[in-house]
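Reproduced below: data-v9.cif, with mmCIF, C-alpha atoms.
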data_data
#
loop_
_atom_site.label_atom_id
_atom_site.label_comp_id
_atom_site.auth_asym_id
_atom_site.auth_seq_id
_atom_site.Cartn_x
_atom_site.Cartn_y
_atom_site.Cartn_z
CA PHE X 29 107.08 112.30 82.99
CA SER X 30 108.43 110.90 86.21
CA ARG X 31 108.76 113.13 89.21
CA ALA X 32 112.35 112.08 89.78
CA ASP X 33 113.20 114.14 86.68
CA ARG X 34 112.30 117.44 88.28
CA PRO X 35 113.93 119.34 91.12
CA LEU X 36 112.03 119.51 94.41
CA GLY X 37 109.77 122.53 94.78
CA PRO X 38 109.76 124.78 97.86
CA TYR X 39 106.97 122.88 99.63
CA ASP X 40 107.82 119.35 98.50
CA THR X 41 108.75 116.66 100.99
CA LYS X 42 111.72 114.41 100.23
CA GLU X 43 110.01 111.46 101.92
CA LYS X 44 109.26 108.32 99.95
CA VAL X 45 106.16 108.78 97.83
CA THR X 46 103.27 106.36 98.46
CA PRO X 47 102.96 104.07 95.40
CA TYR X 48 100.09 104.78 92.99
CA GLN X 49 98.53 101.39 93.71
CA GLN X 50 98.18 102.09 97.44
CA ALA X 51 97.22 105.75 97.02
CA THR X 52 94.33 104.71 94.77
CA THR X 53 92.98 101.66 96.60
CA TYR X 54 92.94 102.81 100.24
CA ASN X 55 90.60 105.79 100.29
CA ASN X 56 88.03 107.42 102.50
CA PHE X 57 85.31 108.65 100.15
CA TYR X 58 81.97 107.91 101.80
CA GLU X 59 80.10 109.01 98.66
CA PHE X 60 81.07 105.57 97.34
CA GLY X 61 80.82 103.65 100.63
CA THR X 62 82.41 103.54 104.06
CA ASP X 63 84.92 100.76 103.37
CA LYS X 64 88.38 101.85 102.24
CA SER X 65 88.11 99.61 99.18
CA ASP X 66 84.68 100.91 98.06
CA PRO X 67 85.94 104.05 96.24
CA ALA X 68 88.37 102.17 93.96
CA ARG X 69 85.74 99.52 93.23
CA LEU X 70 82.88 101.92 92.46
CA ALA X 71 84.63 105.01 91.06
CA GLY X 72 83.64 104.03 87.52
CA SER X 73 80.20 105.51 88.14
CA LEU X 74 81.68 109.01 88.59
CA LYS X 75 81.79 111.01 85.34
CA PRO X 76 84.39 113.78 85.71
CA ARG X 77 83.62 115.23 82.23
CA PRO X 78 81.65 117.28 81.39
CA TRP X 79 81.89 119.07 84.76
CA THR X 80 81.17 122.60 85.84
CA VAL X 81 82.06 124.50 88.98
CA ARG X 82 79.72 127.17 90.25
CA ILE X 83 81.43 130.16 91.82
CA ASP X 84 79.27 132.48 93.89
CA GLY X 85 78.88 134.47 97.08
CA GLU X 86 81.14 137.40 97.92
CA VAL X 87 82.96 137.62 94.59
CA ARG X 88 82.91 140.30 91.91
CA LYS X 89 82.64 137.68 89.16
CA PRO X 90 80.13 134.98 90.12
CA GLN X 91 80.01 132.40 87.33
CA THR X 92 79.57 128.76 86.40
CA ILE X 93 82.65 127.54 84.66
CA ASP X 94 83.69 124.41 82.80
CA ILE X 95 86.47 122.45 84.52
CA ASP X 96 88.71 122.46 81.44
CA THR X 97 88.43 126.25 81.14
CA LEU X 98 89.11 126.68 84.86
CA GLN X 99 92.17 124.43 84.61
CA SER X 100 93.49 126.34 81.60
CA TRP X 101 93.68 129.54 83.65
CA PHE X 102 96.70 128.29 85.56
CA PRO X 103 99.93 126.49 84.73
CA LEU X 104 99.82 123.06 86.39
CA GLU X 105 102.39 122.44 89.14
CA ASP X 106 103.58 119.36 91.03
CA ARG X 107 103.41 119.27 94.81
CA ILE X 108 104.60 116.39 96.96
CA TYR X 109 102.67 116.68 100.22
CA ARG X 110 102.23 114.52 103.28
CA MET X 111 98.62 113.62 103.99
CA ARG X 112 97.55 112.67 107.52
CA CYS X 113 94.16 111.04 108.05
CA VAL X 114 92.30 111.69 111.32
CA GLU X 115 92.19 107.87 111.74
CA GLY X 116 95.95 107.70 112.35
CA TRP X 117 97.48 106.80 108.99
CA SER X 118 99.36 108.87 106.46
CA MET X 119 100.62 108.90 102.88
CA VAL X 120 102.93 111.00 100.71
CA MET X 121 101.02 112.21 97.67
CA PRO X 122 102.47 113.69 94.47
CA TRP X 123 99.68 116.05 93.40
CA LEU X 124 99.28 117.97 90.19
CA GLY X 125 97.28 121.18 90.22
CA PHE X 126 97.39 124.89 90.98
CA PRO X 127 97.48 127.07 94.11
CA LEU X 128 94.06 127.85 95.57
CA ALA X 129 95.25 131.44 96.14
CA ALA X 130 95.64 131.95 92.38
CA LEU X 131 92.02 130.88 91.80
CA ILE X 132 90.64 133.03 94.61
CA ARG X 133 92.53 136.13 93.50
CA ARG X 134 91.20 135.66 90.00
CA LEU X 135 87.63 135.54 91.35
CA GLU X 136 88.13 138.92 93.09
CA PRO X 137 86.59 138.44 96.55
CA THR X 138 84.67 141.43 97.96
CA SER X 139 85.67 143.00 101.27
CA LYS X 140 82.91 140.93 102.97
CA ALA X 141 84.53 137.60 102.06
CA LYS X 142 85.98 135.96 105.19
CA TYR X 143 85.60 132.25 104.43
CA VAL X 144 85.62 129.90 101.46
CA GLN X 145 82.99 127.18 101.36
CA PHE X 146 83.41 124.15 99.09
CA THR X 147 80.56 121.85 98.08
CA ALA X 148 80.98 118.41 96.51
CA LEU X 149 78.73 116.77 93.93
CA LEU X 150 75.33 115.47 95.06
CA ASP X 151 74.18 112.69 92.72
CA THR X 152 73.14 109.23 93.88
CA LYS X 153 73.69 107.86 90.36
CA GLN X 154 77.35 108.83 90.35
CA PHE X 155 77.80 108.45 94.11
CA PRO X 156 75.95 105.27 95.17
CA GLY X 157 77.03 105.78 98.80
CA GLN X 158 74.82 108.88 98.95
CA LYS X 159 71.76 106.61 99.00
CA GLN X 160 72.64 106.04 102.67
CA GLN X 161 72.52 109.04 104.95
CA VAL X 162 75.80 108.08 106.64
CA LEU X 163 76.66 111.79 106.37
CA LYS X 164 74.48 114.69 105.37
CA TRP X 165 75.00 115.08 101.61
CA PRO X 166 76.41 116.91 99.78
CA TYR X 167 79.78 117.01 101.53
CA VAL X 168 80.70 120.56 102.57
CA GLU X 169 84.07 121.88 103.70
CA GLY X 170 85.51 125.30 104.36
CA LEU X 171 88.57 127.38 105.10
CA ARG X 172 89.15 130.80 106.56
CA LEU X 173 90.11 133.16 103.69
CA ASP X 174 93.67 133.60 104.99
CA GLU X 175 94.06 129.81 105.19
CA ALA X 176 92.81 129.51 101.62
CA LEU X 177 95.30 132.16 100.48
CA ASN X 178 98.25 130.39 102.15
CA PRO X 179 100.68 129.17 99.48
CA LEU X 180 100.34 125.56 100.70
CA SER X 181 96.60 125.42 99.89
CA PHE X 182 96.26 123.59 96.62
CA MET X 183 93.62 122.51 94.10
CA ALA X 184 94.54 119.11 92.69
CA VAL X 185 93.47 117.82 89.28
CA GLY X 186 96.09 115.08 89.00
CA LEU X 187 98.06 112.49 90.96
CA HIS X 188 101.33 110.72 90.12
CA GLY X 189 101.52 112.64 86.84
CA ARG X 190 98.10 111.39 85.69
CA THR X 191 94.58 112.75 85.70
CA LEU X 192 93.04 112.48 89.17
CA PRO X 193 91.26 109.09 89.51
CA GLY X 194 87.62 109.10 90.62
CA GLN X 195 88.41 107.53 93.99
CA ASN X 196 90.83 110.39 94.76
CA GLY X 197 88.24 113.09 94.02
CA ALA X 198 88.15 113.71 90.27
CA PRO X 199 88.05 116.12 88.63
CA LEU X 200 88.90 118.76 91.26
CA ARG X 201 89.77 118.45 94.93
CA LEU X 202 91.18 120.55 97.72
CA VAL X 203 94.53 119.72 99.36
CA VAL X 204 95.43 121.44 102.64
CA PRO X 205 98.34 119.32 103.93
CA TRP X 206 98.55 120.72 107.48
CA LYS X 207 94.97 119.62 108.22
CA TYR X 208 93.43 116.18 108.66
CA GLY X 209 92.50 114.48 105.39
CA PHE X 210 88.75 115.00 105.69
CA LYS X 211 89.26 118.73 105.05
CA ASN X 212 90.46 117.84 101.54
CA ILE X 213 87.02 117.84 99.93
CA LYS X 214 86.76 115.87 96.69
CA SER X 215 84.80 116.26 93.44
CA ILE X 216 84.04 119.95 94.01
CA VAL X 217 81.09 121.51 92.12
CA ARG X 218 80.73 124.80 93.98
CA ILE X 219 83.00 127.36 95.61
CA THR X 220 81.30 130.06 97.67
CA LEU X 221 83.02 133.04 99.25
CA THR X 222 81.10 133.98 102.38
CA ASP X 223 81.17 136.15 105.49
CA LYS X 224 80.11 133.25 107.76
CA GLN X 225 82.07 130.23 108.92
CA PRO X 226 80.73 127.29 106.89
CA LEU X 227 79.08 124.41 108.75
CA THR X 228 81.18 121.53 107.51
CA THR X 229 79.87 117.99 107.05
CA TRP X 230 81.91 116.35 109.82
CA MET X 231 81.12 119.19 112.24
CA GLN X 232 77.44 118.48 111.62
CA ALA X 233 77.93 114.73 112.02
CA ALA X 234 79.90 114.86 115.29
CA PRO X 235 80.66 118.39 116.54
CA GLN X 236 82.47 117.16 119.66
CA GLU X 237 84.87 115.11 117.53
CA TYR X 238 85.51 117.19 114.41
CA GLY X 239 86.07 120.93 114.49
CA PHE X 240 86.26 123.56 111.76
CA TYR X 241 90.05 123.88 111.86
CA ALA X 242 91.06 120.20 112.05
CA ASN X 243 94.74 121.11 112.10
CA VAL X 244 96.96 118.06 112.57
CA ASN X 245 97.91 118.23 116.23
CA PRO X 246 99.58 115.38 118.16
CA ALA X 247 98.87 117.17 121.45
CA VAL X 248 95.09 117.18 121.03
CA SER X 249 93.58 113.69 121.05
CA HIS X 250 90.52 112.80 119.10
CA PRO X 251 87.92 112.09 121.83
CA ARG X 252 88.10 108.37 121.02
CA TRP X 253 91.73 107.81 120.05
CA SER X 254 95.18 109.34 120.36
CA GLN X 255 96.63 111.52 117.60
CA ALA X 256 100.20 111.27 118.89
CA THR X 257 101.36 108.72 116.32
CA GLU X 258 100.52 107.60 112.80
CA ARG X 259 101.25 104.72 110.45
CA ARG X 260 102.76 105.71 107.15
CA ILE X 261 101.06 103.43 104.62
CA GLY X 262 103.58 100.80 103.56
CA GLU X 263 105.33 100.73 106.95
CA LEU X 264 104.70 98.40 109.89
CA GLY X 265 105.71 100.63 112.78
CA ARG X 266 104.27 103.96 113.80
CA ARG X 267 105.94 107.34 113.67
CA LYS X 268 105.37 110.44 115.75
CA THR X 269 102.84 112.87 114.33
CA LEU X 270 104.23 116.37 113.80
CA PRO X 271 102.37 119.59 114.72
CA PHE X 272 100.59 120.90 111.61
CA ASN X 273 101.73 117.68 109.92
CA GLY X 274 105.26 119.11 109.68
CA TYR X 275 104.16 122.39 108.05
CA ALA X 276 104.31 124.54 111.21
CA ASP X 277 106.84 126.98 109.67
CA GLU X 278 104.41 127.74 106.87
CA VAL X 279 101.11 127.92 108.78
CA ALA X 280 101.54 128.26 112.57
CA ALA X 281 101.32 132.07 112.30
CA LEU X 282 97.74 131.76 110.99
CA TYR X 283 96.65 130.59 114.44
CA LYS X 284 98.65 132.95 116.67
CA GLY X 285 96.79 133.66 119.90
CA MET X 286 94.19 130.94 119.29
CA ASP X 287 93.57 128.14 121.78
CA LEU X 288 94.09 125.10 119.58
CA ARG X 289 92.50 122.81 122.17
CA LYS X 290 89.24 124.69 121.80
CA ASN X 291 89.63 125.39 118.10
CA PHE X 292 90.40 121.77 117.22
CA MET J 11 91.07 78.03 112.89
CA LEU J 12 90.65 78.38 109.14
CA PRO J 13 90.22 82.18 109.31
CA VAL J 14 93.69 82.46 110.92
CA ALA J 15 95.19 80.61 107.96
CA VAL J 16 93.30 82.90 105.57
CA LEU J 17 94.47 85.95 107.52
CA VAL J 18 98.12 84.83 107.44
CA TYR J 19 97.85 84.01 103.73
CA ASP J 20 96.23 87.40 102.99
CA ALA J 21 98.89 89.19 105.03
CA LEU J 22 101.72 87.49 103.12
CA SER J 23 100.12 87.93 99.71
CA GLY J 24 99.25 91.60 100.26
CA ALA J 25 95.51 90.97 100.09
CA LEU J 26 95.00 92.86 103.36
CA GLY J 27 95.50 96.08 101.41
CA ALA J 28 97.51 99.21 102.06
CA ASN J 29 97.08 99.12 105.83
CA PRO J 30 97.28 95.41 106.73
CA ILE J 31 97.54 95.89 110.51
CA GLN J 32 94.37 97.95 110.64
CA ARG J 33 92.64 95.37 108.44
CA ALA J 34 93.84 92.44 110.59
CA THR J 35 92.68 94.26 113.73
CA LEU J 36 89.24 94.77 112.26
CA GLN J 37 88.92 91.21 110.96
CA THR J 38 89.97 89.50 114.19
CA GLY J 39 87.64 91.83 116.13
CA LEU J 40 84.72 90.95 113.89
CA LEU J 41 85.48 87.22 114.13
CA THR J 42 85.62 87.45 117.93
CA LEU J 43 82.24 89.10 118.09
CA ALA J 44 80.67 86.72 115.56
CA LEU J 45 81.96 83.61 117.38
CA LEU J 46 80.84 84.87 120.79
CA VAL J 47 77.40 85.73 119.44
CA LEU J 48 77.17 82.25 117.88
CA SER J 49 78.15 80.61 121.17
CA LEU J 50 75.45 82.63 122.93
CA ALA J 51 72.95 81.58 120.26
CA CYS J 52 73.34 77.88 121.11
CA THR J 53 71.10 77.84 124.16
CA PRO J 54 68.30 79.95 122.62
CA LEU J 55 68.45 77.70 119.56
CA ARG J 56 68.06 74.61 121.75
CA LEU J 57 65.21 76.24 123.65
CA LEU J 58 63.41 77.10 120.42
CA THR J 59 63.98 73.87 118.51
CA GLY J 60 64.73 71.21 121.10
CA TRP J 61 67.88 70.24 119.17
CA THR J 62 70.81 69.11 121.30
CA TRP J 63 73.70 69.63 118.87
CA PRO J 64 74.03 73.38 119.48
CA ALA J 65 74.87 72.71 123.12
CA ARG J 66 77.71 70.41 122.06
CA ILE J 67 79.50 73.06 119.94
CA ARG J 68 78.88 75.92 122.37
CA LYS J 69 82.17 75.49 124.24
CA THR J 70 84.24 75.25 121.04
CA LEU J 71 82.67 78.44 119.69
CA GLY J 72 83.30 80.26 122.96
CA LEU J 73 86.93 79.15 123.15
CA LEU J 74 87.54 80.08 119.51
CA GLY J 75 86.00 83.48 120.25
CA PHE J 76 88.40 83.91 123.15
CA GLY J 77 91.30 82.85 120.91
CA TYR J 78 90.44 85.53 118.35
CA ALA J 79 89.96 88.11 121.10
CA ALA J 80 93.49 87.31 122.34
CA LEU J 81 94.85 87.56 118.78
CA HIS J 82 93.02 90.86 118.27
CA PHE J 83 94.65 92.16 121.46
CA LEU J 84 98.10 90.90 120.38
CA ILE J 85 97.77 92.71 117.05
CA TYR J 86 96.76 95.86 118.94
CA LEU J 87 99.89 95.50 121.13
CA PHE J 88 102.06 94.92 118.06
CA ASP J 89 100.51 97.99 116.43
CA HIS J 90 101.62 100.07 119.43
CA GLY J 91 105.12 98.60 119.57
CA PHE J 92 104.28 96.56 122.72
CA ASP J 93 104.39 99.85 124.63
CA LEU J 94 102.58 98.99 127.88
CA THR J 95 102.46 102.60 129.08
CA LEU J 96 100.65 103.55 125.91
CA MET J 97 98.30 100.60 126.35
CA THR J 98 97.51 101.52 129.96
CA GLU J 99 96.82 105.09 128.89
CA ASP J 100 94.51 103.84 126.13
CA VAL J 101 92.65 101.51 128.51
CA LEU J 102 92.18 104.23 131.12
CA LYS J 103 91.46 107.19 128.86
CA ARG J 104 89.56 105.85 125.87
CA PRO J 105 86.15 104.33 126.60
CA PHE J 106 86.15 102.17 123.48
CA VAL J 107 89.46 100.58 124.49
CA THR J 108 88.24 100.25 128.10
CA ALA J 109 85.16 98.34 126.92
CA GLY J 110 87.17 95.99 124.69
CA PHE J 111 89.87 95.36 127.26
CA THR J 112 87.32 94.66 130.01
CA ALA J 113 85.52 92.20 127.73
CA LEU J 114 88.80 90.37 127.12
CA LEU J 115 89.57 90.22 130.86
CA LEU J 116 86.10 88.81 131.56
CA LEU J 117 86.67 86.05 129.03
CA VAL J 118 89.89 84.86 130.72
CA PRO J 119 88.25 83.09 133.72
CA LEU J 120 85.66 81.59 131.37
CA ALA J 121 88.35 80.11 129.14
CA LEU J 122 90.24 78.81 132.19
CA THR J 123 87.16 77.06 133.57
CA SER J 124 86.00 75.53 130.32
CA THR J 125 86.96 71.96 131.28
CA PRO J 126 84.57 69.37 132.79
CA ARG J 127 86.93 69.22 135.78
CA ALA J 128 86.45 72.91 136.45
CA VAL J 129 82.68 72.44 136.38
CA LYS J 130 83.02 69.71 138.98
CA ARG J 131 85.38 71.71 141.15
CA LEU J 132 83.23 74.83 141.14
CA GLY J 133 79.92 73.04 141.35
CA PHE J 134 77.44 73.39 138.50
CA GLN J 135 75.55 76.34 139.95
CA ARG J 136 78.63 78.46 140.68
CA TRP J 137 80.11 77.52 137.32
CA THR J 138 76.89 78.58 135.54
CA ARG J 139 76.83 81.87 137.40
CA LEU J 140 80.46 82.53 136.53
CA HIS J 141 79.80 81.81 132.88
CA GLN J 142 76.98 84.32 132.78
CA LEU J 143 79.87 86.79 132.50
CA ALA J 144 79.80 85.85 128.81
CA TYR J 145 76.66 88.01 128.45
CA VAL J 146 78.52 91.00 129.87
CA ALA J 147 81.60 90.32 127.77
CA VAL J 148 79.72 90.08 124.47
CA SER J 149 77.70 93.21 125.26
CA LEU J 150 80.91 95.09 126.02
CA GLY J 151 82.34 93.72 122.78
CA ALA J 152 79.45 95.15 120.79
CA LEU J 153 79.83 98.49 122.60
CA HIS J 154 83.57 98.44 121.83
CA TYR J 155 82.73 97.97 118.15
CA TYR J 156 80.06 100.71 118.21
CA TRP J 157 82.38 103.23 119.85
CA GLY J 158 85.29 102.27 117.61
CA VAL J 159 83.74 103.02 114.21
CA LYS J 160 84.02 106.50 112.82
CA LYS J 161 80.57 106.96 111.42
CA ASP J 162 78.69 104.04 109.87
CA HIS J 163 76.99 102.54 112.92
CA THR J 164 74.79 100.06 111.04
CA PRO J 165 77.02 96.94 111.42
CA PRO J 166 77.57 97.32 115.19
CA LEU J 167 73.86 98.03 115.65
CA ILE J 168 73.04 94.79 113.84
CA TYR J 169 75.27 92.90 116.28
CA ALA J 170 73.63 94.69 119.20
CA ALA J 171 70.16 93.80 117.90
CA VAL J 172 71.07 90.11 117.49
CA ILE J 173 72.52 90.02 121.03
CA ALA J 174 69.39 91.69 122.41
CA ALA J 175 67.17 89.22 120.55
CA LEU J 176 69.14 86.27 121.98
CA PHE J 177 68.76 87.66 125.51
CA LEU J 178 65.04 88.12 124.93
CA ILE J 179 64.56 84.51 123.75
CA ARG J 180 66.36 83.20 126.84
CA PHE J 181 64.27 85.43 129.07
CA LEU J 182 60.93 84.51 127.50
CA LYS J 183 61.71 80.78 127.24
CA ARG J 184 63.21 80.38 130.69
CA ARG J 185 60.64 82.32 132.68
CA PRO J 186 57.51 80.25 131.92
CA ALA J 187 59.51 77.03 132.21
CA ARG J 188 60.80 77.95 135.64
CA SER J 189 57.46 79.15 136.93
CA ALA J 190 55.77 76.03 135.51
CA ARG J 191 58.30 73.84 137.30
CA ALA J 192 57.84 75.84 140.48
CA GLY J 193 54.11 75.44 140.06
CA SER J 194 54.26 71.66 139.72
CA ARG J 195 56.58 71.45 142.73
CA ALA J 196 54.09 73.46 144.76
CA ALA J 197 51.27 71.17 143.66
CA LYS J 198 53.17 68.05 144.78
CA SER J 199 53.95 69.25 148.27
#

Take the structure in this file and express it as structure tokens.
Amino acid sequence: FSRADRPLGPYDTKEKVTPYQQATTYNNFYEFGTDKSDPARLAGSLKPRPWTVRIDGEVRKPQTIDIDTLQSWFPLEDRIYRMRCVEGWSMVMPWLGFPLAALIRRLEPTSKAKYVQFTALLDTKQFPGQKQQVLKWPYVEGLRLDEALNPLSFMAVGLHGRTLPGQNGAPLRLVVPWKYGFKNIKSIVRITLTDKQPLTTWMQAAPQEYGFYANVNPAVSHPRWSQATERRIGELGRRKTLPFNGYADEVAALYKGMDLRKNF
Amino acid sequence: MLPVAVLVYDALSGALGANPIQRATLQTGLLTLALLVLSLACTPLRLLTGWTWPARIRKTLGLLGFGYAALHFLIYLFDHGFDLTLMTEDVLKRPFVTAGFTALLLLVPLALTSTPRAVKRLGFQRWTRLHQLAYVAVSLGALHYYWGVKKDHTPPLIYAAVIAALFLIRFLKRRPARSARAGSRAAKS
């Protein structure tokens, strides 16, 4: 069904959606290679079924669960979100999935749980790019528990009304639209509730350039380039980047009293 | 100039992908570096093989390299809406832009003095010394590339290794020749 047929949801943007062709051929997914065209070219090697997700750490119900079962727990919703890459480009993505908060509540975190750590698949057969140690594999990302419980935080299993393509992180990926794109870990195989802040992949690779929070912030430059503007894919000019990627009303309160220059 | 035609064709046909300006920036940057490295390879190649043809295409390669560097810079300016304040800020604040911009500036006097008349006017020795700036420019170009990539440093390191090897060949080949010449001069006097 086409998205034009449904009314906009509370978090949807009205901006023009990035066409499927562009959203699926211009990807950063180093597990396939560092060129933007590598993921679309090589995604055939990724087998999103059968797939299991291990859930462990500070939860009352640790388990390993099949992706289809996990998906059946929740009604699927559409979300049209902006996505801003740390490299200075952006897209508008029509995701299909379920709120991360619904999943976490269902797992019943213990009182010790303060963070959520996500781990992506490690398999050089399915991810040829993992033969090179460009990053330390597997890819790891994380959120503070209150960030994960924010209604914007989303687990995507589809895009443009179809099953999520391999190059976009099949079969399960995180979408946190107020953060830079690299926080949106793809092809998740493990979700761990923990009391310690996870050491994320990009923090390990270049701690002075990529922090744990990675909130979109035009006022804080990347050490090597400005973050003040971005190019929306499909447009020639640049537009001003908005604080929290335009989601400040929804998320700014999470960071009250924090120095966002230090906690970049 | 063929790559320019390919680039224009790709841009019009959509083959540059979802972010054509970024792609065009990268491609012109890579062409600049490749052409400058090739022009710097001419002398070492002549020293190693005794061939004379590399010396004849050296100038063309260098000038083409400068042309692509200028195009690369123009695309950068276009990308930033020809906002000179933004450009100045980038040049002053971001080391990778500083390196690239300095390399481009260094190439300007070399391009301007690429005619036989300029060699005559400057005198061969001064002209040669001036054109040694090409070594600095290409090194800065490689540094610009290295600092510009997000993570995969292999390609810029390959360029850096080739440049270093070319410097080494010059150094090793020139030194004994010069000292041998000096030696024979000493013997004559």

Quick one: which residues from chain J are at most 10 Å off chain X, using all atoms listed in the file, as a list in words?
Gly27, Ala28, Asn29, Pro30, Ile31, Gln32, Arg33, Phe88, Asp89, His90, Gly91, Leu96, Glu99, Asp100, Lys103, Arg104, Pro105, Phe106, Val107, Trp157, Gly158, Val159, Lys160, Lys161, Asp162, His163 and Thr164 of chain J

Identify, on the basis of all atoms listed in the file, every residue whose closest approach to X:Phe182 does not exceed 6 Å; exclude the query and any residue fewer than 3 positions from it along the same chain; express the result as a tab-separated table (two decimals) with C-alpha atoms, keeping the file's coordinate frame.
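Ended up saving to part_0.tsv:
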chain	number	residue	atom	x	y	z
X	126	PHE	CA	97.39	124.89	90.98
X	127	PRO	CA	97.48	127.07	94.11
X	128	LEU	CA	94.06	127.85	95.57
X	203	VAL	CA	94.53	119.72	99.36

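From atom CA of J:Val18 back to atom CA of J:Phe83, the distance works out to 16.2 Å.
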
Show which residues sit within 8 Å of X:Arg112, as number ranges by chain. Count all atoms listed in the file, and ignore same-chain residues fewer than 3 positions away.
X: 116-119, 205, 207-209, 244, 258, 273

What does the file look like for those residues with C-alpha atoms, as an mmCIF file, in the coordinates of the input?
data_model
loop_
_atom_site.group_PDB
_atom_site.id
_atom_site.type_symbol
_atom_site.label_atom_id
_atom_site.label_comp_id
_atom_site.auth_asym_id
_atom_site.auth_seq_id
_atom_site.Cartn_x
_atom_site.Cartn_y
_atom_site.Cartn_z
ATOM 1 C CA GLY X 116 95.950 107.700 112.350
ATOM 2 C CA TRP X 117 97.480 106.800 108.990
ATOM 3 C CA SER X 118 99.360 108.870 106.460
ATOM 4 C CA MET X 119 100.620 108.900 102.880
ATOM 5 C CA PRO X 205 98.340 119.320 103.930
ATOM 6 C CA LYS X 207 94.970 119.620 108.220
ATOM 7 C CA TYR X 208 93.430 116.180 108.660
ATOM 8 C CA GLY X 209 92.500 114.480 105.390
ATOM 9 C CA VAL X 244 96.960 118.060 112.570
ATOM 10 C CA GLU X 258 100.520 107.600 112.800
ATOM 11 C CA ASN X 273 101.730 117.680 109.920
#

Fewer than 3 positions away in the same chain doesn't count, so skip those; otherwise give me all residues within 9 Å of X:Lys211, counting all atoms listed in the file, as a PyMOL selection string.
chain X and resi 169-171+202-204+207-208+228+240-242

Could you turn the residues from that selection into a file that holds C-alpha atoms, as a PDB file, in the frame of the given file?
ATOM      1  CA  GLU X 169      84.070 121.880 103.700  1.00  0.00           C
ATOM      2  CA  GLY X 170      85.510 125.300 104.360  1.00  0.00           C
ATOM      3  CA  LEU X 171      88.570 127.380 105.100  1.00  0.00           C
ATOM      4  CA  LEU X 202      91.180 120.550  97.720  1.00  0.00           C
ATOM      5  CA  VAL X 203      94.530 119.720  99.360  1.00  0.00           C
ATOM      6  CA  VAL X 204      95.430 121.440 102.640  1.00  0.00           C
ATOM      7  CA  LYS X 207      94.970 119.620 108.220  1.00  0.00           C
ATOM      8  CA  TYR X 208      93.430 116.180 108.660  1.00  0.00           C
ATOM      9  CA  THR X 228      81.180 121.530 107.510  1.00  0.00           C
ATOM     10  CA  PHE X 240      86.260 123.560 111.760  1.00  0.00           C
ATOM     11  CA  TYR X 241      90.050 123.880 111.860  1.00  0.00           C
ATOM     12  CA  ALA X 242      91.060 120.200 112.050  1.00  0.00           C
TER      13      ALA X 242
END

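Counting only C-alpha atoms and comparing X:Ala148, X:Ala198, X:Leu187, X:Ala280, the residue that lies closest to X:Pro76 is X:Ala198.
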
Output of the PyMOL selection byres ((chain J and resi 80) around 12), listed as a VMD selection string:
chain J and resid 35 38 to 39 41 to 42 73 to 79 81 to 87 110 to 111 113 to 118 121

Neighbour list for J:Val146 as a ChimeraX atom specification, cut-off 12 Å, all atoms listed in the file, skip fewer than 5 positions in-chain:
/J:46-47,50,109-110,112-117,120,139-141,151-153,173-174,177

Kindly export the residues of the current selection with C-alpha atoms, as a PDB file, in the frame of the given file.
ATOM      1  CA  LEU J  46      80.840  84.870 120.790  1.00  0.00           C
ATOM      2  CA  VAL J  47      77.400  85.730 119.440  1.00  0.00           C
ATOM      3  CA  LEU J  50      75.450  82.630 122.930  1.00  0.00           C
ATOM      4  CA  ALA J 109      85.160  98.340 126.920  1.00  0.00           C
ATOM      5  CA  GLY J 110      87.170  95.990 124.690  1.00  0.00           C
ATOM      6  CA  THR J 112      87.320  94.660 130.010  1.00  0.00           C
ATOM      7  CA  ALA J 113      85.520  92.200 127.730  1.00  0.00           C
ATOM      8  CA  LEU J 114      88.800  90.370 127.120  1.00  0.00           C
ATOM      9  CA  LEU J 115      89.570  90.220 130.860  1.00  0.00           C
ATOM     10  CA  LEU J 116      86.100  88.810 131.560  1.00  0.00           C
ATOM     11  CA  LEU J 117      86.670  86.050 129.030  1.00  0.00           C
ATOM     12  CA  LEU J 120      85.660  81.590 131.370  1.00  0.00           C
ATOM     13  CA  ARG J 139      76.830  81.870 137.400  1.00  0.00           C
ATOM     14  CA  LEU J 140      80.460  82.530 136.530  1.00  0.00           C
ATOM     15  CA  HIS J 141      79.800  81.810 132.880  1.00  0.00           C
ATOM     16  CA  GLY J 151      82.340  93.720 122.780  1.00  0.00           C
ATOM     17  CA  ALA J 152      79.450  95.150 120.790  1.00  0.00           C
ATOM     18  CA  LEU J 153      79.830  98.490 122.600  1.00  0.00           C
ATOM     19  CA  ILE J 173      72.520  90.020 121.030  1.00  0.00           C
ATOM     20  CA  ALA J 174      69.390  91.690 122.410  1.00  0.00           C
ATOM     21  CA  PHE J 177      68.760  87.660 125.510  1.00  0.00           C
TER      22      PHE J 177
END

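Separating atom CA of X:Ala130 from atom CA of X:Leu177 is a distance of 8.1 Å.
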
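Nearest to X:Ile213 of all the residues X:Asn56, X:Asp94, X:Asp174, X:Phe292 is X:Asn56, counting only C-alpha atoms.
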
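Atom pair atom CA of X:Phe146 / atom CA of X:Pro67 has a distance of 20.5 Å (rounded to one decimal).
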
Given the file shown, enumerate the residues that the PyMOL selection byres ((chain X and resi 215) around 8) captures and present them as an MDAnalysis selection string.
chainID X and resid 148:149 197:201 213:214 216:217

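Minimum distance to J:Ser49 across J:Ala15, J:Ala147, J:Ala65, J:Leu36 (counting only C-alpha atoms) occurs at J:Ala65.
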
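The residues caught by the PyMOL selection byres ((chain X and resi 35-42) around 10) in this file are Arg31, Ala32, Asp33, Arg34, Glu43, Lys44, Val45, Glu105, Asp106, Arg107, Ile108, Tyr109, Arg110, Val120, Met121, Pro122, Pro179, Leu180, Gly274, Tyr275 and Glu278 of chain X.
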